[in-house]
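What follows is a short report on a single structure.
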Number of protein chains: 2
Amino acid sequence: MCIGTFLYRFVVMNRPESIFNPQLSVDCVIFGFDGKHLKVLLAERCEGIDGSAEQKKFKLPGDLIHLKEDLDLAAGRILHELTGLSSIFLKQFSVFGDPERIPDNDDRKWLEKTSGVKIDRVVTTAYYSLIKIDKSNTDQETGNHASWHKITTLPPLIFDHKKIIMTGLEVLRKEIRFEPICFELLPAKFTVRQIQTLYEVILGQELDNRNFRKKLLKAPYIKQLTEKQQGVAHKPALFYRFDRKQYLESRRDILFYNF
Amino acid sequence: MCIGTFLYRFVVMNRPESIFNPQLSVDCVIFGFDGKHLKVLLAERCEGIDGSAEQKKFKLPGDLIHLKEDLDLAAGRILHELTGLSSIFLKQFSVFGDPERIPDNDDRKWLEKTSGVKIDRVVTTAYYSLIKIDKSNTDQETGNHASWHKITTLPPLIFDHKKIIMTGLEVLRKEIRFEPICFELLPAKFTVRQIQTLYEVILGQELDNRNFRKKLLKAPYIKQLTEKQQGVAHKPALFYRFDRKQYLESRRDILFYNF
DNA sequence: ACAAAAGTGTTTAGTTTACACCCATGA
DNA sequence: TCATGGGTGTAAACTAAACACTTTTGT
C-alpha cells in the first residue's frame with residue numbers, strides 16, 4: 001500500500017462532517033406548466049470562473065450532497081431552497097455516472113470554485129418534479145436567479161444537463177400514460193381543456209377532444225365542481241378537481257387485476 | 001477551513017489511481033429461469049470478519065467501482081467476472097442512497113476487510129439483468145461461490161440487498177408488460193409453454209393458455225420453426241424463436257403511434 | 001388404451017377511434 | 001349578432017376475456 005493510499009484512507013476515515021461529498025450530487029428536473037407550454041426551472045450560472053461576466057450558461061437546480069445526507073432528502077432540500085416549497089412530488093429517475101461527464105474545463109473550475117471542493121468525478125442522481133407555476137416560484141423571487149424555460153427552446157446548459165432533461169422528459173412521457181401524476185402541474189381547480197393541453201404539450205401531439213373528455217371524466221377520481229369559469233367570452237367551462245384518496249383506492253383495484 | 005477539511009481536500013486531489021472508490025458501488029440483480037422458477041444469482045459471503053466460519057450470508061453480485069469507472073461498464077464487469085458472460089442485457093433501475101444502508105456492524109467490517117478500503121457511506125446503483133440458466137453459470141463453476149435461489153425463498157442477505165431484489169422484481173414485472181425482454185431468459189429455441197410459464201412466475205399468476213397463445217403468436221417477431229420437441233410422452237410442442245431485428249422494427253412503429 | 005401436455009375457435013363485453021354540430025358567454 | 005372555445009353522441013373497428021374439447025405422442 002503506497003503512502004498516498006494510506007493517507008487517502010486515513011483522511012476519509014477522519015474527514016470533517018457536514019461538508020460536501022465531492023463525488024455525489026443530485027440534480028432536479030423541475031417541470032412546470034403555465035397553461036400553454038411545458039417548462040423547466042433552470043438556475044443561472046451567473047459568474048465566470050474569474051468572476052467576470054462571460055457567456056451566460058444555465059444549469060439544473062442541483063447540488064453536491066452532504067456527507068451523510070440521504071439522496072431523496074437532498075433532492076427535497078434543493079427544491080425547497082430554490083422554490084420554498086416542500087412535500088412536492090419528486091421522483092428519482094436515473095443516475096448519470098460517466099466519469100467524464102464533468103469535463104475538465106471551465107464548467108468544472110466553476111463548480112470547484114462555488115462548492116469549495118476539489119472535483120474529481122461526480123455521479124449525479126437525477127430526480128424530476130412537477131410543480132404549478134405561479135408568481136411565487138418564478139424568476140428572481142427567491143434570489144436564486146431561477147427562471148422557467150420552454151423545453152422546446154432550452155438555453156445552453158452546463159455538463160450533461162441537457163441530456164438529463166431529455167431523459168427526464170422521456171420518463172415523464174411514459175409515466176403520464178399510466179399514472180395521473182400530471183395533476184401536480186395543475187391548480188386545485190382546473191378545466192378539462194387545461195388537462196388536455198397539458199397532455200398535449202407533454203406528449204407533443206394533439207388529442208381528440210371528445211375522446212379525451214370521455215376517458216378522463218369516467219375516472220372515479222375526477223370530481224366535477226359546481227363552479228364555472230367567469231369572465232370568458234365564450235361558454236364558461238366547468239371546474240374539476242383531482243380526488244387523491246379516490247385515486248389511491250382505484251389504483252389498488254388495478255394492481256390486483258394486473259394482467 | 002479546519003485542518004481536517006484541508007487535509008481531506010488535499011488527499012482527494014492527490015489520491016492514487018486505480019483503487020476502489022469507497023463511496024460508489026454497483027449491485028446486480030441477475031434473474032434466471034430454469035423452466036419452473038424465477039431465480040436470482042447470489043454470491044456467498046463465505047467468511048466472517050475474523051475468518052472463522054459463522055452465519056452464512058448471501059449478497060448480490062456487486063462491487064465498489066473503480067475511481068474512473070463508468071457505472072454501466074462497472075455493472076458489465078461484475079457480471080462478466082461472475083459468469084464469464086458479456087454483452088448481456090443490463091438495466092439500471094434504481095439508486096439506493098440511504099446513508100445508513102451499510103450499518104456499522106459486522107457486514108460493514110466484512111466489506112472493509114475484503115475491499116481493503118475504509119467504508120463510510122456507500123451509494124449503490126442497482127442494475128438488473130436477465131440470463132439463461134445453464135450448467136456453465138450455476139454454482140461453483142467460476143470459483144465465485146455463486147448460486148441460484150428462488151425469489152420466493154431467499155436466504156438471509158447482507159445490507160439492504162433484499163430490498164434491492166424486491167425493487168428489481170417490481171421493475172421487471174412492470175417492464176415485461178410492455179417490452180418483450182423476457183426472451184433474454186429463454187434459450188434461442190423455446191416452446192409457447194415455456195414463455196407462458198415464465199410470464200406466470202414473473203407475474204405470480206396463471207394466465208389463460210388460449211388467449212396467451214393468440215396474443216403471443218400474432219407478434220411479428222415470434223417466428224415458428226419447423227423443429228418439434230422430441231421424446232416427450234405427449235403431443236410434441238413446436239419450437240419458436242425471437243426475431244430481434246423484426247422486434248426493433250415493429251417497436252419503431254409503435255413509438256410513432258404512441259397515444 | 002391411457003396419461004399427459006399441445007393445440008385450437010367462438011361468443012361476449014369492453015375499449016378505442018373517427019367524426020360534426022349546437023351552446024353559453026362577452027364584446 | 002358574431003366570435004370564441006365548451007360541450008355533446010354514435011357507429012365501426014379492435015381488443016380482451018371467458019370457456020372445453022381434440023390431437024399427438026410415449027408407455
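In the C-alpha cells, each chain is lettered A, B, ... as it comes, each chain's residues begin at 1, and ligands are numbered from 1 in order of appearance.
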
- Message: Taking only segment 33-256 of chain B into account, list the residues labelled helix (DSSP H, G or I) by DSSP (computed from the backbone), as a VMD selection string.
- Response: chain B and resid 71 to 83 106 to 115 135 to 137 139 to 142 161 to 176 181 to 185 192 to 203 209 to 217 244 to 256

Chain D near chain B within 8 Å: what's each residue's closest atom pair and its distance in Å to one decimal, counting only C-alpha atoms (C1' of nucleotides), ordered by chain then ascending residue number, as a tab-separated table?
residue	atom	partner	partner_atom	distance
D:DT23	C1'	B:Lys235	CA	7.2
D:DT24	C1'	B:Lys235	CA	3.9
D:DT25	C1'	B:His234	CA	4.2
D:DG26	C1'	B:Ala233	CA	4.2
D:DT27	C1'	B:Ala233	CA	7.7

Write out as JSON lines the residues of chain C that have any atom within 12 Å of an atom of chain B, one row each with the nearest atom pair and its distance in Å to one decimal, counting only C-alpha atoms (C1' of nucleotides), sorted by chain and then rising number.
{"residue": "C:DC2", "atom": "C1'", "partner": "B:His234", "partner_atom": "CA", "distance": 11.4}
{"residue": "C:DA3", "atom": "C1'", "partner": "B:His234", "partner_atom": "CA", "distance": 8.5}
{"residue": "C:DA4", "atom": "C1'", "partner": "B:His234", "partner_atom": "CA", "distance": 5.5}
{"residue": "C:DA5", "atom": "C1'", "partner": "B:His234", "partner_atom": "CA", "distance": 5.7}
{"residue": "C:DA6", "atom": "C1'", "partner": "B:Lys235", "partner_atom": "CA", "distance": 5.5}
{"residue": "C:DG7", "atom": "C1'", "partner": "B:Ala237", "partner_atom": "CA", "distance": 8.7}
{"residue": "C:DT8", "atom": "C1'", "partner": "B:Arg210", "partner_atom": "CA", "distance": 8.1}
{"residue": "C:DG9", "atom": "C1'", "partner": "B:Arg210", "partner_atom": "CA", "distance": 9.6}
{"residue": "C:DT16", "atom": "C1'", "partner": "B:Phe259", "partner_atom": "CA", "distance": 10.7}
{"residue": "C:DT17", "atom": "C1'", "partner": "B:Phe259", "partner_atom": "CA", "distance": 11.4}

- Task: Just give me the gap between atom CA of Thr226 of chain A and atom C1' of DA3 of chain D in Å, one decimal is fine.
- Result: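 So the answer is 26.3 Å.
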
- Item | Atomic distance atom CA of Thr114 of chain A - atom CA of Arg45 of chain A, expressed in Å with one decimal |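 Those two atoms sit 10.1 Å apart.
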
- Task: Report as JSON, numbers by chain: the residues of segment 19-166 of chain B with a DSSP assignment of strand (DSSP E), based on the backbone of this structure.
- Result: {"B": [20, 21, 22, 23, 24, 25, 26, 27, 28, 29, 30, 31, 32, 33, 38, 39, 40, 41, 42, 43, 44, 45, 57, 58, 59, 62, 63, 64, 65, 66, 90, 91, 92, 93, 94, 95, 96, 123, 124, 125, 126, 127, 128, 129, 130, 131, 132, 146, 147, 148, 149, 150]}

Restrict the selected residues to N, CA and C atoms and save them as a compact mmCIF listing (two decimals), in the first residue's frame.
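The result, stored in selection15.txt:
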# COMPACT_ATOMS: atom_id res chain seq x y z
N PHE B 20 -10.28 1.37 -5.39
CA PHE B 20 -11.73 1.50 -5.42
C PHE B 20 -12.20 2.84 -4.89
N ASN B 21 -13.30 3.25 -5.42
CA ASN B 21 -13.98 4.41 -4.88
C ASN B 21 -14.78 3.91 -3.69
N PRO B 22 -14.50 4.43 -2.49
CA PRO B 22 -15.12 3.86 -1.30
C PRO B 22 -16.57 4.27 -1.10
N GLN B 23 -17.13 5.04 -2.02
CA GLN B 23 -18.47 5.57 -1.80
C GLN B 23 -19.47 5.18 -2.86
N LEU B 24 -18.98 4.54 -3.91
CA LEU B 24 -19.87 4.23 -5.02
C LEU B 24 -19.79 2.76 -5.33
N SER B 25 -20.93 2.13 -5.41
CA SER B 25 -20.91 0.73 -5.79
C SER B 25 -22.01 0.44 -6.80
N VAL B 26 -21.93 -0.75 -7.33
CA VAL B 26 -22.93 -1.23 -8.27
C VAL B 26 -23.34 -2.60 -7.79
N ASP B 27 -24.63 -2.88 -7.79
CA ASP B 27 -25.11 -4.22 -7.46
C ASP B 27 -26.01 -4.71 -8.57
N CYS B 28 -25.88 -5.99 -8.87
CA CYS B 28 -26.65 -6.56 -9.98
C CYS B 28 -27.64 -7.60 -9.48
N VAL B 29 -28.88 -7.41 -9.83
CA VAL B 29 -29.90 -8.42 -9.56
C VAL B 29 -30.01 -9.24 -10.84
N ILE B 30 -29.44 -10.43 -10.81
CA ILE B 30 -29.38 -11.24 -12.02
C ILE B 30 -30.48 -12.30 -11.97
N PHE B 31 -31.48 -12.12 -12.81
CA PHE B 31 -32.59 -13.07 -12.83
C PHE B 31 -32.29 -14.20 -13.80
N GLY B 32 -32.72 -15.38 -13.42
CA GLY B 32 -32.60 -16.54 -14.29
C GLY B 32 -33.87 -17.35 -14.22
N PHE B 33 -34.06 -18.22 -15.20
CA PHE B 33 -35.28 -19.03 -15.26
C PHE B 33 -34.88 -20.44 -15.62
N LEU B 38 -38.48 -18.65 -11.12
CA LEU B 38 -37.67 -17.46 -11.34
C LEU B 38 -36.63 -17.43 -10.22
N LYS B 39 -35.38 -17.24 -10.60
CA LYS B 39 -34.30 -17.30 -9.61
C LYS B 39 -33.40 -16.07 -9.68
N VAL B 40 -32.64 -15.88 -8.63
CA VAL B 40 -31.68 -14.79 -8.57
C VAL B 40 -30.32 -15.38 -8.27
N LEU B 41 -29.31 -14.85 -8.91
CA LEU B 41 -27.95 -15.32 -8.69
C LEU B 41 -27.34 -14.56 -7.52
N LEU B 42 -26.94 -15.31 -6.49
CA LEU B 42 -26.38 -14.67 -5.30
C LEU B 42 -24.97 -15.16 -5.03
N ALA B 43 -24.16 -14.28 -4.49
CA ALA B 43 -22.81 -14.66 -4.11
C ALA B 43 -22.82 -14.95 -2.62
N GLU B 44 -21.91 -15.80 -2.23
CA GLU B 44 -21.86 -16.19 -0.83
C GLU B 44 -20.85 -15.30 -0.11
N ARG B 45 -21.25 -14.76 0.99
CA ARG B 45 -20.27 -14.06 1.81
C ARG B 45 -19.73 -15.11 2.75
N LYS B 57 -24.14 -15.85 5.03
CA LYS B 57 -25.00 -14.82 4.48
C LYS B 57 -24.71 -14.67 3.00
N PHE B 58 -25.73 -14.23 2.28
CA PHE B 58 -25.56 -14.04 0.85
C PHE B 58 -25.62 -12.56 0.50
N LYS B 59 -25.13 -12.27 -0.69
CA LYS B 59 -25.14 -10.89 -1.17
C LYS B 59 -25.38 -10.87 -2.67
N GLY B 62 -21.83 -7.68 -6.76
CA GLY B 62 -21.65 -6.23 -6.82
C GLY B 62 -20.28 -5.87 -6.35
N ASP B 63 -19.95 -4.61 -6.45
CA ASP B 63 -18.60 -4.21 -6.12
C ASP B 63 -18.54 -2.70 -6.00
N LEU B 64 -17.57 -2.23 -5.26
CA LEU B 64 -17.24 -0.82 -5.34
C LEU B 64 -16.72 -0.58 -6.75
N ILE B 65 -16.93 0.60 -7.26
CA ILE B 65 -16.44 0.85 -8.61
C ILE B 65 -15.04 1.45 -8.54
N HIS B 66 -14.36 1.36 -9.65
CA HIS B 66 -13.03 1.95 -9.71
C HIS B 66 -13.16 3.46 -9.81
N LEU B 90 -28.58 -5.54 -19.44
CA LEU B 90 -28.35 -4.98 -18.10
C LEU B 90 -29.06 -3.65 -18.04
N LYS B 91 -29.85 -3.44 -17.04
CA LYS B 91 -30.55 -2.17 -16.97
C LYS B 91 -30.51 -1.56 -15.57
N GLN B 92 -30.05 -0.35 -15.55
CA GLN B 92 -30.03 0.42 -14.31
C GLN B 92 -31.47 0.66 -13.88
N PHE B 93 -31.81 0.35 -12.65
CA PHE B 93 -33.20 0.61 -12.27
C PHE B 93 -33.41 1.45 -11.03
N SER B 94 -32.39 1.62 -10.21
CA SER B 94 -32.59 2.47 -9.04
C SER B 94 -31.27 2.75 -8.32
N VAL B 95 -31.30 3.76 -7.50
CA VAL B 95 -30.14 4.09 -6.68
C VAL B 95 -30.57 3.96 -5.23
N PHE B 96 -29.72 3.41 -4.43
CA PHE B 96 -30.01 3.30 -3.02
C PHE B 96 -29.02 4.17 -2.26
N VAL B 123 -23.22 4.68 -1.74
CA VAL B 123 -24.41 4.81 -2.58
C VAL B 123 -24.28 3.75 -3.66
N THR B 124 -25.29 2.93 -3.79
CA THR B 124 -25.17 1.88 -4.80
C THR B 124 -26.19 2.08 -5.90
N THR B 125 -25.74 1.84 -7.11
CA THR B 125 -26.63 1.88 -8.26
C THR B 125 -26.97 0.44 -8.61
N ALA B 126 -28.27 0.17 -8.69
CA ALA B 126 -28.70 -1.21 -8.91
C ALA B 126 -29.07 -1.44 -10.37
N TYR B 127 -28.64 -2.56 -10.88
CA TYR B 127 -28.95 -2.99 -12.25
C TYR B 127 -29.67 -4.31 -12.16
N TYR B 128 -30.53 -4.57 -13.13
CA TYR B 128 -30.98 -5.94 -13.22
C TYR B 128 -30.62 -6.49 -14.57
N SER B 129 -30.54 -7.79 -14.58
CA SER B 129 -30.03 -8.48 -15.75
C SER B 129 -30.83 -9.76 -15.89
N LEU B 130 -30.93 -10.25 -17.11
CA LEU B 130 -31.68 -11.48 -17.35
C LEU B 130 -30.77 -12.43 -18.08
N ILE B 131 -30.57 -13.62 -17.54
CA ILE B 131 -29.74 -14.57 -18.26
C ILE B 131 -30.35 -15.96 -18.22
N LYS B 132 -29.92 -16.76 -19.17
CA LYS B 132 -30.39 -18.14 -19.24
C LYS B 132 -29.60 -18.97 -18.24
N ALA B 146 -21.12 -18.62 -6.45
CA ALA B 146 -22.42 -18.03 -6.77
C ALA B 146 -23.43 -19.16 -6.96
N SER B 147 -24.64 -18.90 -6.58
CA SER B 147 -25.66 -19.93 -6.74
C SER B 147 -27.03 -19.30 -6.95
N TRP B 148 -27.90 -20.08 -7.57
CA TRP B 148 -29.24 -19.60 -7.91
C TRP B 148 -30.20 -19.86 -6.75
N HIS B 149 -31.02 -18.87 -6.48
CA HIS B 149 -32.01 -19.00 -5.40
C HIS B 149 -33.37 -18.57 -5.90
N LYS B 150 -34.39 -19.35 -5.59
CA LYS B 150 -35.75 -18.96 -5.95
C LYS B 150 -36.08 -17.62 -5.31

Write out, as a Markdown table, each residue of chain C that has an atom at most 12 Å from segment 11-16 of chain D, together with the closest pair of atoms and their distance in Å to one decimal, counting only C-alpha atoms (C1' of nucleotides), rows going by chain and rising number.
| residue | atom | partner | partner_atom | distance |
| --- | --- | --- | --- | --- |
| C:DT12 | C1' | D:DA16 | C1' | 10.3 |
| C:DA13 | C1' | D:DA16 | C1' | 8.5 |
| C:DG14 | C1' | D:DA16 | C1' | 7.7 |
| C:DT15 | C1' | D:DT15 | C1' | 7.2 |
| C:DT16 | C1' | D:DC14 | C1' | 7.4 |
| C:DT17 | C1' | D:DA13 | C1' | 7.8 |
| C:DA18 | C1' | D:DA12 | C1' | 9.0 |
| C:DC19 | C1' | D:DA11 | C1' | 10.2 |

List the spatial neighbours of Gln224 of chain A as a PDB file with C-alpha atoms, in the first residue's frame - criterion: any atom at most 7 Å away, only C-alpha atoms (C1' of nucleotides), same-chain residues fewer than 2 positions off excluded.
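Output file selection22.pdb follows:
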ATOM      1  CA  ILE A 222     -62.036  13.342 -11.233  1.00  0.00           C
ATOM      2  CA  THR A 226     -70.365  23.397  -9.296  1.00  0.00           C
ATOM      3  CA  PHE A 239     -64.105  23.228 -12.963  1.00  0.00           C
ATOM      4  CA  TYR A 240     -62.973  19.837 -11.751  1.00  0.00           C
ATOM      5  CA  ARG A 241     -60.691  18.649  -9.013  1.00  0.00           C
TER       6      ARG A 241
END

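For the choices B:Phe183, B:Tyr247, B:Phe190, B:Phe212, the atom-to-atom distance to chain A is smallest for B:Phe212 when using only C-alpha atoms.
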